[in-house]
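Enquirer: Shown below is the structure under consideration.
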Amino acid sequence: MEIKKPAIAGTLESSDCQVAVEAGNGTVDFSLDSTVINQFGYQIREVVLDTLKRLNVDNVKITVVDKGALDCTIKARIECAVYRANDITENLPWGGVIR
Amino acid sequence: MSHPDKKRLRRTMMFLNAQKPGLIKDPYIYGADSIMLDLEDAVAESQKDSARYSLYHALKEINYRKTERVVRINGLDTPHWQEDIRVCVAGGADAIRIAKTESARDVLTVEEHVLAAEQEFGREEGSTLLMAALESCRGVLNTLEICEVSPRLFGIALSGGDYTKDLQTSISGTGVELAGARQYMIMAARAAGVQCFDTVYTNLDDMAGFEQEVEMIHRMGFDGKSVVNPRQIAVVHKIFTPGKKDIIFAEKVVREIDEKKAQGIGVFTVDGKMIDIAFYDGAKRIIGLAKASGVYEGDL
């Protein structure tokens, strides 16, 4: 999927994360700010990259500000941001690339 | 064949905003019989899409233990409800609560889309239960037809805030403005053989008033109450769970009726109270409720 326009999803509340995406320079440019970066930084990175790969997004600048979100929340916020970047809100592939 | 969970124990249904990860990650710890993951009023219009992703992953990845997972979808007068149904079914929600139900037609419309989603996502047909929230005078007046229209429908719930707005009054705390709807709904639900749930009590600082209201709706015959705070759960469960004295008496009634029936005796006394066959179903219901609540130790 392309990132057609900048988009954001999630909040800065506890247990949540805020994900911002915009078109990249031909690669995945990932940055992370997390309250638990020392304990879970690598795990969060893995979830972010896996989710982008599943969504077939390979040209993006993605920023994640994490406030202790579970993996399922991180995935949900990335998917939301990517689909918002494409203005898609209906007939989503639940159980397909969203899983 | 009827769904095995259609009549399960539902003393409490706790509302949770599906968009808030902090709320939906572990609510089973509070012990509500059901949680109500909300896609409707609790979610801002600009976050309707976001709430669906949260909901989907929560349903798929969080183990809610024995807590039933009901999802409140947006009303049929919004552009959101069809995608809401798809995500509920794909995620494997146990049941869908239809907001602002006005007629049997509304239930059938949702049922058609749920069936289509079950086919699309490979879920067993008929596995997703429904409940209807009645939030208007028209909805309440159509209660019986709503209760009887679908084998998936396990119950109805009063939504007091919207209902009193439509009635052109407001919640007073006395219950007088809700009396007609409550009485009518419980009668229709019983006539149709479905469950009936009372509206939320939003004044969290008035626990005495809450307890009084729960006592009243329990006495009226409701199956449970919607709650908005974990503090309210224990109060409802205490009132809706049969006490030891009631259970022992119910056991005596059932045993005596079985025994006396075999002897051809129709009317007799148990602990000084006149008993006949009319008491049988009520006594069996108390034992069933005690079993479902996990407090029954007998052998009936």
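Order determines the names: the first chain of the structure tokens is A, the second B, and so forth; residues in each chain are numbered 1 upward, and ligands are numbered 1 upward as they are shown.
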When you look at A:Asn86 with a cut-off of 9 Å (counting only C-alpha atoms), what residues show up, excluding the ones that are within fewer than 2 positions of it in the same chain? I need them as a PyMOL selection string.

Expert: chain A and resi 1-5+7+81-84+88-89

Enquirer: Using only C-alpha atoms, find the residues of chain B whose closest atom to chain A is at most 6 Å away, then write them as a list in words.

Expert: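 Applying the cut-off to the listed atoms yields Pro21, Gly22, Ser50, Tyr53, Ser54 and His57 of chain B.
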
Enquirer: Near stretch 248-252 of chain B, counting only C-alpha atoms, which residues have an atom at most 8 Å away, once you skip same-chain residues fewer than 4 positions from it, shown as a list of chain:residue names?

Expert: B:Lys244, B:Glu256, B:Val270, B:Ala283, B:Lys284, B:Ile286, B:Ile287, B:Leu300

Enquirer: Write out as an MDAnalysis selection string the set of residues from chain A that DSSP, computed on the backbone, places in strand (DSSP E).

Expert: chainID A and resid 7:10 17:23 28:34 60:66

Enquirer: Might you pull out every residue within 8 Å of A:Val64, with only C-alpha atoms counted and same-chain residues fewer than 5 positions away left off, and present them as a list in words?

Expert: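 What passes the distance filter is Cys17, Gln18, Val19, Ala20, Phe30, Ser31, Leu32, Asp33 and Ser34 of chain A.
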
Enquirer: Can I get the selected residues back with C-alpha atoms, as an mmCIF file, in the first residue's frame?

Expert:
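Contents of selection_21.cif, freshly written:
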```cif
data_model
loop_
_atom_site.group_PDB
_atom_site.id
_atom_site.type_symbol
_atom_site.label_atom_id
_atom_site.label_comp_id
_atom_site.auth_asym_id
_atom_site.auth_seq_id
_atom_site.Cartn_x
_atom_site.Cartn_y
_atom_site.Cartn_z
ATOM 1 C CA CYS A 17 0.368 4.710 21.381
ATOM 2 C CA GLN A 18 0.235 7.375 18.721
ATOM 3 C CA VAL A 19 1.307 6.434 15.238
ATOM 4 C CA ALA A 20 2.049 8.968 12.491
ATOM 5 C CA PHE A 30 11.037 4.120 11.730
ATOM 6 C CA SER A 31 11.407 6.144 14.901
ATOM 7 C CA LEU A 32 10.226 5.209 18.374
ATOM 8 C CA ASP A 33 9.652 7.136 21.553
ATOM 9 C CA SER A 34 8.526 4.819 24.325
#
```

Enquirer: Record the distance separating atom CA of B:Ala104 and atom CA of B:Ala132, expressed in Å with one decimal.

Expert: 9.7 Å

Enquirer: Which residues are close to B:Asp205, i.e. within 12 Å by only C-alpha atoms, leaving aside same-chain residues fewer than 6 positions away? Reply as an NGL selection string.

Expert: :B and (211 or 229 or 231-232)

Enquirer: Taking only C-alpha atoms into account, name the residue in B:Tyr64, B:Trp81, B:Phe15, B:Tyr280 that is nearest to B:Lys48.

Expert: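 Between B:Tyr64, B:Trp81, B:Phe15, B:Tyr280, the residue approaching B:Lys48 most closely is B:Trp81.
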
Enquirer: Using Å and a single decimal, report how far atom CA of B:Val236 sits from atom CA of B:Leu178.

Expert: 18.9 Å

Enquirer: Applying 8 Å and only C-alpha atoms, which residues near B:Tyr56 remain after dropping the ones on its own chain fewer than 4 positions away? List them as an mmCIF file with N, CA and C atoms, in the first residue's frame.

Expert:
```
data_model
loop_
_atom_site.group_PDB
_atom_site.id
_atom_site.type_symbol
_atom_site.label_atom_id
_atom_site.label_comp_id
_atom_site.auth_asym_id
_atom_site.auth_seq_id
_atom_site.Cartn_x
_atom_site.Cartn_y
_atom_site.Cartn_z
ATOM 1 N N TRP A 94 -10.670 -7.609 7.254
ATOM 2 C CA TRP A 94 -10.556 -8.212 8.591
ATOM 3 C C TRP A 94 -10.174 -9.683 8.447
ATOM 4 N N ARG B 52 -12.679 0.439 15.572
ATOM 5 C CA ARG B 52 -12.877 -0.897 14.984
ATOM 6 C C ARG B 52 -11.589 -1.717 14.978
ATOM 7 N N LYS B 60 -9.657 -10.694 19.054
ATOM 8 C CA LYS B 60 -8.831 -11.797 18.561
ATOM 9 C C LYS B 60 -7.719 -12.197 19.526
ATOM 10 N N VAL B 87 -16.797 -6.125 11.404
ATOM 11 C CA VAL B 87 -15.665 -6.297 12.321
ATOM 12 C C VAL B 87 -16.070 -7.145 13.529
ATOM 13 N N CYS B 88 -17.286 -6.982 14.000
ATOM 14 C CA CYS B 88 -17.753 -7.803 15.139
ATOM 15 C C CYS B 88 -17.701 -9.283 14.789
ATOM 16 N N ALA B 90 -16.129 -10.772 12.210
ATOM 17 C CA ALA B 90 -14.764 -11.222 11.889
ATOM 18 C C ALA B 90 -13.943 -11.443 13.156
ATOM 19 N N GLY B 91 -14.146 -10.582 14.142
ATOM 20 C CA GLY B 91 -13.400 -10.692 15.396
ATOM 21 C C GLY B 91 -13.902 -11.803 16.291
#
```

Enquirer: Nearest to B:Asp166 among B:Ile73, B:Val253, B:Ile62, B:Val140, with distances taken over only C-alpha atoms: which residue is it?

Expert: B:Val140

Enquirer: In Å, how far is it from atom CA of B:Glu148 to atom CA of B:Ala99?

Expert: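 Distance between the two atoms: 17.4 Å.
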